[in-house]
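Printed here is structure12.txt (compact mmCIF, C-alpha atoms):
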```
# COMPACT_ATOMS: atom_id res chain seq x y z
CA MET A 78 -5.61 32.39 21.77
CA LYS A 79 -3.51 35.18 20.35
CA VAL A 80 -4.12 36.58 16.88
CA ARG A 81 -1.86 34.91 14.35
CA PRO A 82 0.20 36.80 11.76
CA PHE A 83 -1.97 37.37 8.68
CA GLU A 84 0.64 35.53 6.60
CA GLU A 85 -0.51 32.30 8.28
CA VAL A 86 -4.10 33.01 7.26
CA VAL A 87 -3.05 33.44 3.63
CA ALA A 88 -0.92 30.29 3.74
CA GLU A 89 -3.64 28.19 5.34
CA HIS A 90 -6.72 29.40 3.48
CA GLY A 91 -5.48 31.07 0.28
CA ALA A 92 -5.82 28.00 -1.93
CA THR A 93 -9.31 27.10 -0.73
CA VAL A 94 -10.56 30.64 -1.19
CA LEU A 95 -9.15 30.69 -4.74
CA ARG A 96 -11.01 27.47 -5.56
CA VAL A 97 -14.20 28.97 -4.17
CA CYS A 98 -13.68 32.12 -6.25
CA ARG A 99 -12.98 30.06 -9.38
CA ALA A 100 -16.14 28.05 -8.88
CA VAL A 101 -18.30 31.10 -8.25
CA VAL A 102 -17.03 33.69 -10.75
CA GLY A 103 -14.99 31.63 -13.21
CA PRO A 104 -11.25 31.46 -13.87
CA ILE A 105 -10.63 35.01 -15.15
CA ASP A 106 -12.43 37.04 -12.48
CA ALA A 107 -11.38 34.64 -9.71
CA GLU A 108 -7.99 36.29 -9.21
CA ASP A 109 -9.52 39.75 -8.86
CA ALA A 110 -12.07 38.36 -6.42
CA TRP A 111 -9.32 36.60 -4.42
CA SER A 112 -7.21 39.76 -4.26
CA GLU A 113 -10.13 41.91 -3.16
CA THR A 114 -11.08 39.31 -0.57
CA PHE A 115 -7.68 39.13 1.07
CA LEU A 116 -7.10 42.89 0.99
CA SER A 117 -10.48 43.45 2.67
CA ALA A 118 -9.74 40.68 5.15
CA MET A 119 -6.35 42.18 5.99
CA ARG A 120 -7.94 45.57 6.64
CA ALA A 121 -10.43 44.08 9.06
CA TYR A 122 -8.18 41.41 10.55
CA PRO A 123 -7.15 43.18 13.79
CA LYS A 124 -10.83 43.39 14.79
CA LEU A 125 -11.63 39.74 14.07
CA PRO A 126 -12.76 38.04 17.31
CA ASP A 127 -10.29 35.45 18.66
CA ASP A 128 -12.79 32.59 18.40
CA ALA A 129 -13.97 33.39 14.86
CA ASN A 130 -14.04 30.66 12.21
CA VAL A 131 -11.46 32.22 9.90
CA GLU A 132 -12.37 30.22 6.80
CA ALA A 133 -16.09 31.00 7.13
CA TRP A 134 -15.19 34.66 7.62
CA LEU A 135 -13.05 34.63 4.46
CA VAL A 136 -15.78 32.91 2.44
CA THR A 137 -18.25 35.55 3.62
CA ILE A 138 -15.93 38.29 2.38
CA ALA A 139 -15.28 36.37 -0.85
CA HIS A 140 -19.04 36.05 -1.37
CA ARG A 141 -19.41 39.84 -1.25
CA ARG A 142 -16.23 40.57 -3.23
CA ALA A 143 -17.21 38.08 -5.92
CA LEU A 144 -20.46 39.96 -6.37
CA ASP A 145 -18.50 43.24 -6.68
CA VAL A 146 -16.10 41.77 -9.22
CA GLY A 147 -19.00 40.35 -11.23
CA ARG A 148 -20.68 43.76 -11.26
CA ALA A 149 -17.46 45.49 -12.30
CA ARG A 150 -17.09 43.05 -15.19
CA SER A 151 -20.63 43.53 -16.40
CA ARG A 152 -20.00 47.31 -16.41
CA ARG A 153 -16.74 46.91 -18.30
CA PRO A 154 -17.69 47.67 -21.91
CA VAL A 155 -15.06 45.87 -24.00
CA PRO A 156 -12.31 43.52 -22.89
CA THR A 157 -8.99 45.24 -23.60
CA ASP A 158 -5.54 43.87 -24.15
CA THR A 159 -4.20 45.76 -21.14
CA VAL A 160 -5.35 43.17 -18.59
CA PRO A 161 -2.02 42.44 -16.87
CA ASP A 162 -2.14 38.89 -15.62
CA ARG A 163 -4.37 36.39 -17.30
CA PRO A 164 -4.16 32.96 -15.72
CA SER A 165 -1.53 31.00 -17.58
CA PRO A 166 -3.03 27.96 -19.29
CA HIS A 167 -0.04 25.92 -18.19
CA ALA A 168 -0.29 26.94 -14.56
CA ASP A 169 -4.00 26.46 -14.32
CA PRO A 170 -5.41 23.00 -14.93
CA ALA A 171 -8.92 24.38 -14.76
CA ALA A 172 -8.23 26.63 -17.72
CA ARG A 173 -7.37 23.53 -19.73
CA ASP A 174 -10.72 22.09 -18.85
CA PRO A 175 -13.35 24.59 -19.91
CA ASP A 176 -16.09 21.98 -19.51
CA LEU A 177 -16.10 22.39 -15.75
CA TRP A 178 -16.52 26.17 -16.05
CA ALA A 179 -19.23 25.75 -18.58
CA ALA A 180 -21.00 23.27 -16.30
CA LEU A 181 -20.62 25.51 -13.24
CA GLN A 182 -21.69 28.61 -15.09
CA ARG A 183 -24.83 26.90 -16.36
CA LEU A 184 -25.96 26.41 -12.75
CA PRO A 185 -28.32 28.95 -11.23
CA THR A 186 -26.26 31.38 -9.12
CA LYS A 187 -27.48 30.13 -5.74
CA GLN A 188 -26.77 26.53 -6.66
CA ARG A 189 -23.27 27.43 -7.80
CA GLN A 190 -22.65 29.37 -4.59
CA ALA A 191 -24.10 26.65 -2.35
CA VAL A 192 -21.99 24.00 -4.08
CA ALA A 193 -18.80 26.08 -3.73
CA TYR A 194 -19.35 27.12 -0.13
CA HIS A 195 -20.31 23.64 1.03
CA HIS A 196 -18.28 21.25 -1.10
CA ILE A 197 -15.12 23.34 -1.45
CA ALA A 198 -15.02 25.49 1.69
CA GLY A 199 -16.92 23.05 3.93
CA LEU A 200 -19.31 25.65 5.34
CA PRO A 201 -22.33 24.30 7.19
CA PHE A 202 -25.69 24.95 5.52
CA ALA A 203 -26.81 27.23 8.35
CA GLU A 204 -23.99 29.64 7.51
CA ILE A 205 -24.53 29.31 3.77
CA ALA A 206 -28.20 30.18 4.30
CA GLU A 207 -27.15 33.49 5.86
CA LEU A 208 -25.03 34.34 2.83
CA LEU A 209 -27.69 33.31 0.33
CA ASP A 210 -30.50 34.84 2.34
CA ASN A 211 -32.49 31.62 2.43
CA SER A 212 -33.08 28.78 4.89
CA PRO A 213 -30.62 25.99 5.75
CA ASP A 214 -32.96 23.54 4.01
CA ALA A 215 -33.06 25.66 0.89
CA ALA A 216 -29.25 25.97 0.95
CA ARG A 217 -28.94 22.19 1.30
CA ARG A 218 -31.34 21.64 -1.61
CA ALA A 219 -29.48 24.17 -3.76
CA ALA A 220 -26.19 22.35 -3.15
CA ALA A 221 -27.74 18.93 -3.82
CA ASP A 222 -29.45 20.13 -7.01
CA GLY A 223 -26.24 21.79 -8.15
CA ILE A 224 -24.21 18.62 -7.64
CA LYS A 225 -26.86 16.58 -9.46
CA SER A 226 -26.70 18.91 -12.47
CA LEU A 227 -22.91 18.89 -12.46
CA ARG A 228 -22.87 15.09 -12.48
CA LYS A 229 -25.10 15.13 -15.53
CA THR A 230 -23.34 17.84 -17.49
CA TYR A 231 -19.75 17.37 -16.40
CA GLN A 232 -18.72 13.79 -16.87
CA LYS A 233 -15.32 14.15 -18.39
CA ASP A 234 -12.17 12.50 -16.98
CA GLN A 235 -13.53 11.93 -13.54
CA THR A 236 -11.87 8.61 -13.00
CA PRO A 237 -8.17 7.87 -12.98
CA MET B 89 -17.35 11.75 -6.26
CA THR B 90 -17.78 15.48 -5.98
CA ALA B 91 -14.27 15.77 -4.57
CA ASN B 92 -12.96 14.62 -7.94
CA ILE B 93 -14.84 17.31 -9.82
CA PHE B 94 -13.46 20.10 -7.68
CA ASP B 95 -9.89 18.84 -7.83
CA ASP B 96 -9.91 20.52 -11.23
CA LEU B 97 -10.19 23.88 -9.47
CA HIS B 98 -6.83 23.12 -7.87
CA ALA B 99 -4.79 26.21 -6.93
CA ASP B 100 -1.23 25.77 -8.17
CA ASP B 101 1.88 27.24 -6.51
CA GLU B 102 2.64 29.59 -9.40
CA THR B 103 -0.78 31.22 -9.20
CA MET B 104 -0.68 31.39 -5.41
CA GLY B 105 2.77 33.03 -5.59
CA LYS B 106 1.52 35.61 -8.06
CA LEU B 107 -1.56 36.36 -5.94
CA HIS B 108 0.62 36.69 -2.84
CA ARG B 109 2.84 39.28 -4.53
CA ARG B 110 -0.24 41.14 -5.71
CA LEU B 111 -1.57 41.18 -2.14
CA GLU B 112 1.77 42.47 -0.81
CA HIS B 113 1.66 45.43 -3.21
CA ALA B 114 -2.01 46.17 -2.63
CA ALA B 115 -1.63 46.00 1.16
CA ASP B 116 1.43 48.25 1.11
CA THR B 117 -0.28 50.80 -1.15
CA ASP B 118 -3.41 50.64 0.98
CA GLY B 119 -1.38 51.30 4.16
CA VAL B 120 -2.32 48.02 5.87
CA LEU B 121 1.00 46.20 5.58
CA ASP B 122 1.93 46.96 9.19
CA VAL B 123 4.82 44.48 9.27
CA ALA B 124 6.70 43.08 6.26
CA TYR B 125 9.25 40.33 6.74
CA ARG B 126 11.69 38.08 4.94
CA THR B 127 14.61 35.85 5.85
CA ILE B 128 18.22 36.06 4.71
CA ASP B 129 20.95 33.43 4.83
CA THR B 130 24.16 34.63 6.48
CA PRO B 131 27.35 33.09 7.90
CA VAL B 132 25.71 33.26 11.35
CA GLY B 133 22.57 31.43 10.22
CA THR B 134 19.23 32.46 8.79
CA LEU B 135 18.16 35.88 10.01
CA LEU B 136 14.55 37.07 10.12
CA LEU B 137 14.17 40.73 9.08
CA ALA B 138 10.94 42.60 9.83
CA ALA B 139 10.01 46.22 9.09
CA THR B 140 7.11 48.56 9.77
CA PRO B 141 6.45 51.53 7.46
CA VAL B 142 8.74 53.48 9.85
CA GLY B 143 11.73 51.20 9.46
CA LEU B 144 13.46 48.00 10.48
CA VAL B 145 11.76 46.80 13.66
CA ARG B 146 13.26 43.36 14.31
CA VAL B 147 16.21 41.19 13.37
CA ALA B 148 16.03 37.69 14.81
CA TYR B 149 18.33 34.70 14.91
CA ASP B 150 17.19 31.14 14.23
CA VAL B 151 17.67 30.23 17.88
CA GLU B 152 15.07 32.80 18.88
CA GLY B 153 12.46 30.85 16.84
CA HIS B 154 11.23 32.87 13.87
CA ASP B 155 7.63 31.75 14.33
CA ALA B 156 7.71 32.84 17.96
CA VAL B 157 9.19 36.20 16.96
CA LEU B 158 6.44 36.75 14.35
CA SER B 159 3.75 35.80 16.89
CA ARG B 160 5.19 38.32 19.29
CA LEU B 161 5.20 41.00 16.57
CA ALA B 162 1.57 40.15 15.83
CA ASP B 163 0.84 40.67 19.49
CA VAL B 164 2.77 43.87 20.24
CA VAL B 165 2.91 45.64 16.85
CA SER B 166 0.10 44.36 14.59
CA PRO B 167 -1.16 41.05 13.20
CA ARG B 168 -1.25 42.58 9.71
CA ILE B 169 1.97 40.80 8.80
CA LEU B 170 3.00 39.45 5.40
CA ARG B 171 6.12 37.85 4.03
CA SER B 172 7.05 40.68 1.68
CA PRO B 173 10.72 40.97 0.72
CA LEU B 174 10.47 44.32 -1.08
CA ARG B 175 10.49 46.50 2.05
CA LEU B 176 13.59 44.64 3.29
CA ASP B 177 15.61 44.80 0.08
CA THR B 178 17.95 47.57 1.20
CA VAL B 179 18.80 46.11 4.59
CA ALA B 180 19.22 42.63 3.09
CA ARG B 181 21.69 44.00 0.57
CA GLN B 182 23.57 45.90 3.28
CA LEU B 183 23.77 42.76 5.43
CA ASP B 184 25.19 40.83 2.47
CA GLU B 185 27.81 43.56 2.06
CA TYR B 186 28.57 43.56 5.77
CA PHE B 187 29.18 39.81 5.83
CA ALA B 188 31.30 40.16 2.67
CA LYS B 189 33.40 42.82 4.51
CA ARG B 190 32.40 45.51 2.06
CA ARG B 191 30.38 47.54 4.58
CA THR B 192 31.06 48.77 8.13
CA THR B 193 27.89 50.73 8.95
CA PHE B 194 24.18 50.25 8.26
CA ASP B 195 22.24 53.05 6.72
CA VAL B 196 18.55 52.13 6.98
CA PRO B 197 15.62 53.67 8.84
CA VAL B 198 14.92 51.86 12.12
CA ASP B 199 11.79 51.56 14.25
CA LEU B 200 12.88 51.19 17.89
CA ARG B 201 9.39 50.78 19.35
CA LEU B 202 10.30 47.38 20.81
CA ALA B 203 12.84 48.97 23.15
CA ASP B 204 11.78 51.64 25.59
CA GLY B 205 13.01 53.32 28.76
CA PHE B 206 16.42 52.22 29.97
CA ARG B 207 16.70 49.59 27.23
CA ARG B 208 16.12 52.29 24.64
CA SER B 209 18.94 54.46 25.95
CA VAL B 210 21.30 51.47 25.94
CA ILE B 211 20.29 50.62 22.35
CA GLU B 212 20.81 54.24 21.27
CA HIS B 213 24.29 54.19 22.78
CA LEU B 214 25.19 50.92 21.03
CA ARG B 215 24.68 52.63 17.69
CA ASP B 216 27.72 54.80 18.47
CA ILE B 217 30.14 51.90 19.00
CA GLY B 218 32.07 51.76 15.75
CA TYR B 219 32.93 48.79 13.56
CA GLY B 220 35.74 46.68 15.02
CA HIS B 221 35.54 48.42 18.41
CA ARG B 222 34.50 46.84 21.70
CA GLU B 223 33.10 48.23 24.93
CA SER B 224 32.59 46.52 28.25
CA TYR B 225 29.14 46.26 29.85
CA ALA B 226 30.49 48.55 32.61
CA THR B 227 31.60 51.18 30.09
CA VAL B 228 28.16 51.17 28.47
CA ALA B 229 26.50 51.46 31.89
CA ALA B 230 28.62 54.49 32.68
CA ALA B 231 27.98 56.01 29.26
CA VAL B 232 24.20 55.90 29.74
CA GLY B 233 24.52 57.49 33.17
CA SER B 234 23.86 54.39 35.32
CA PRO B 235 27.32 53.05 36.20
CA LYS B 236 25.90 50.49 38.63
CA ALA B 237 23.43 49.05 36.13
CA VAL B 238 25.93 46.65 34.54
CA ARG B 239 23.58 43.68 34.75
CA ALA B 240 20.68 45.68 33.30
CA VAL B 241 22.93 46.68 30.40
CA GLY B 242 23.58 42.98 29.82
CA THR B 243 19.83 42.34 29.71
CA ALA B 244 19.23 45.29 27.38
CA CYS B 245 21.92 44.01 25.01
CA ALA B 246 20.52 40.47 25.10
CA ARG B 247 17.09 41.86 24.17
CA ASN B 248 18.32 44.18 21.43
CA PRO B 249 15.51 44.03 18.83
CA LEU B 250 17.98 44.66 15.98
CA PRO B 251 21.08 42.50 16.56
CA VAL B 252 23.86 42.82 13.96
CA VAL B 253 22.40 46.10 12.65
CA ILE B 254 22.61 47.66 16.11
CA PRO B 255 25.91 46.20 17.29
CA CYS B 256 25.26 44.71 20.73
CA HIS B 257 27.86 42.11 19.77
CA ARG B 258 30.52 44.80 20.34
CA VAL B 259 29.74 44.84 24.06
CA VAL B 260 31.93 42.33 25.91
CA ARG B 261 32.89 41.46 29.46
CA SER B 262 35.49 43.53 31.27
CA ASP B 263 37.82 40.50 31.31
CA GLY B 264 37.68 40.42 27.49
CA SER B 265 35.52 37.28 27.20
CA THR B 266 32.60 37.69 24.81
CA GLY B 267 29.65 37.17 27.14
CA GLN B 268 26.01 36.44 26.31
CA TYR B 269 24.30 37.06 22.98
CA ALA B 270 20.82 36.64 21.53
CA GLY B 271 22.29 34.64 18.64
CA GLY B 272 24.44 32.51 20.96
CA PRO B 273 28.12 32.89 21.89
CA VAL B 274 29.32 31.32 18.64
CA ALA B 275 27.53 33.91 16.51
CA LYS B 276 28.87 36.71 18.70
CA ALA B 277 32.43 35.45 18.35
CA ALA B 278 31.95 35.11 14.58
CA LEU B 279 30.85 38.75 14.25
CA LEU B 280 33.75 39.98 16.40
CA ASP B 281 36.19 37.89 14.34
CA LEU B 282 34.69 39.19 11.08
CA GLU B 283 35.19 42.78 12.19
CA ALA B 284 38.67 42.13 13.62
CA ALA B 285 40.02 40.40 10.51
```

As a first step, turn the structure in this file into structure tokens.
Amino acid sequence: MKVRPFEEVVAEHGATVLRVCRAVVGPIDAEDAWSETFLSAMRAYPKLPDDANVEAWLVTIAHRRALDVGRARSRRPVPTDTVPDRPSPHADPAARDPDLWAALQRLPTKQRQAVAYHHIAGLPFAEIAELLDNSPDAARRAAADGIKSLRKTYQKDQTP
Amino acid sequence: MTANIFDDLHADDETMGKLHRRLEHAADTDGVLDVAYRTIDTPVGTLLLAATPVGLVRVAYDVEGHDAVLSRLADVVSPRILRSPLRLDTVARQLDEYFAKRRTTFDVPVDLRLADGFRRSVIEHLRDIGYGHRESYATVAAAVGSPKAVRAVGTACARNPLPVVIPCHRVVRSDGSTGQYAGGPVAKAALLDLEAA
């Protein structure tokens, strides 16, 4: 199979990667993490093997970029008013529902990552284990524990 | 269901549009936007415009299949391709002016890497055929020093990577009929009529 234009990769996977970033680093840092992820991916794209799982590859990059963005934020001394594009509360339903962020952010990091990579991106636990540097069983348990905690702490408006 | 929980992380179109524009700028600044493209609506249909950092590399008609054209660019130029109108602003404006009869020449940098050898010399010659003028395939063949290569000139014109901007539509049959065209005979006749009016 020939390599597809990168535009198709953005169109097909952009939304999922943003949801993963939002779950892992929260709504504000998610856009920086997304941007870093796709710029890194675009740099490396010509060398991506033809048979690669593109979404898993993007999540792997997002995993690393999210860590970078998190570190940059913790180094940033004071939030300033020069941040250009804050997510608009109207455009972003998640921003209207801080409970979900609170619930996700209360999870231990590995649980939050396992939940995002499995339940949002659909990665198999074997691949998640490589990212989290644990075993597939441990990754599965982290995701299951994370979901259990979320069910307990985030119960708002879940039914139509 | 867990699916319900994560629906709240939904990525809306406005945010995705903003992130896309941010990626376009970052990729361009970083030097990895190898091909930028956009489309433009014209009287001869929707045209695909694509540019490398060197210049305009491809203009394609609907009938050529824009997806197929982008796949081919991914293959022969680079897969680092984004829909990114900014790089095409000037040529899009000039095309609008051309179709509004306010412009007779195009003044944009071009990247002719998709045409080499004999095709390249034909394409270079086409750039010298002025607005409203016509040349026969035989005249072009003679002008590029291969008077017997009339058929090859026809092929080179049909495969012009930059139709409209490089005026292969001004090359017609010796009997005056319009002949073949990448955008189809109707589009060719429309361009000749526009320039004749």

For chain B against chain A, which residues fall within 12 Å using all atoms listed in the file, given as a PyMOL selection string?
chain B and resi 89-126+154-172

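Coordinates place atom CA of B:Asp199 at a distance of 4.8 Å from atom CA of B:Gly143.
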
Using atom CA of B:Pro273 and atom CA of B:Ser209 as the two end points, give the distance in Å to one decimal.
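Answer for the atom CA of B:Pro273 to atom CA of B:Ser209 separation: 23.8 Å.
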
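Going from atom CA of A:Asn211 over to atom CA of A:Ala179, you cover 25.5 Å.
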
Taking 2 positions as the minimum chain separation for residues in the same chain, which residues sit within 7 Å of B:Val259 when counting only C-alpha atoms? Answer as a PyMOL selection string.
chain B and resi 222-225+256-257

What residues have an atom no more than 10 Å from (24.4, 56.1, 30.0) in the file's own frame, counting all atoms listed in the file, and can you write them as a list in words?
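Here the neighbourhood of the point contains Phe206, Ser209, Val210, Glu212, His213, Thr227, Val228, Ala229, Ala230, Ala231, Val232, Gly233, Ser234, Pro235, Ala237 and Val241 of chain B.
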
Using only C-alpha atoms: which of B:Phe194, B:Asp216, B:Leu280, B:Tyr149 has the shortest distance to B:Ala246:
B:Tyr149

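Compared by their closest atoms to A:Lys229, and using all atoms listed in the file, the residues A:Gln188, A:Leu181, A:Arg217, A:Leu208 rank with A:Leu181 nearest.
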
Skipping near chain neighbours, those fewer than 4 positions away, what residues fall within 12 Å of B:Arg191 using only C-alpha atoms, listed as a ChimeraX atom specification?
/B:179,181-187,195,219-220,253,282-283

Using all atoms listed in the file, the shortest atom-to-atom distance to B:Leu279 among B:Gly153, B:Gly264, B:Pro131, B:Pro197 belongs to B:Pro131

Which residue of A:Ala191, A:Gly223, A:Ala143, A:Ala180 approaches A:Glu207 most closely, using all atoms listed in the file
A:Ala191
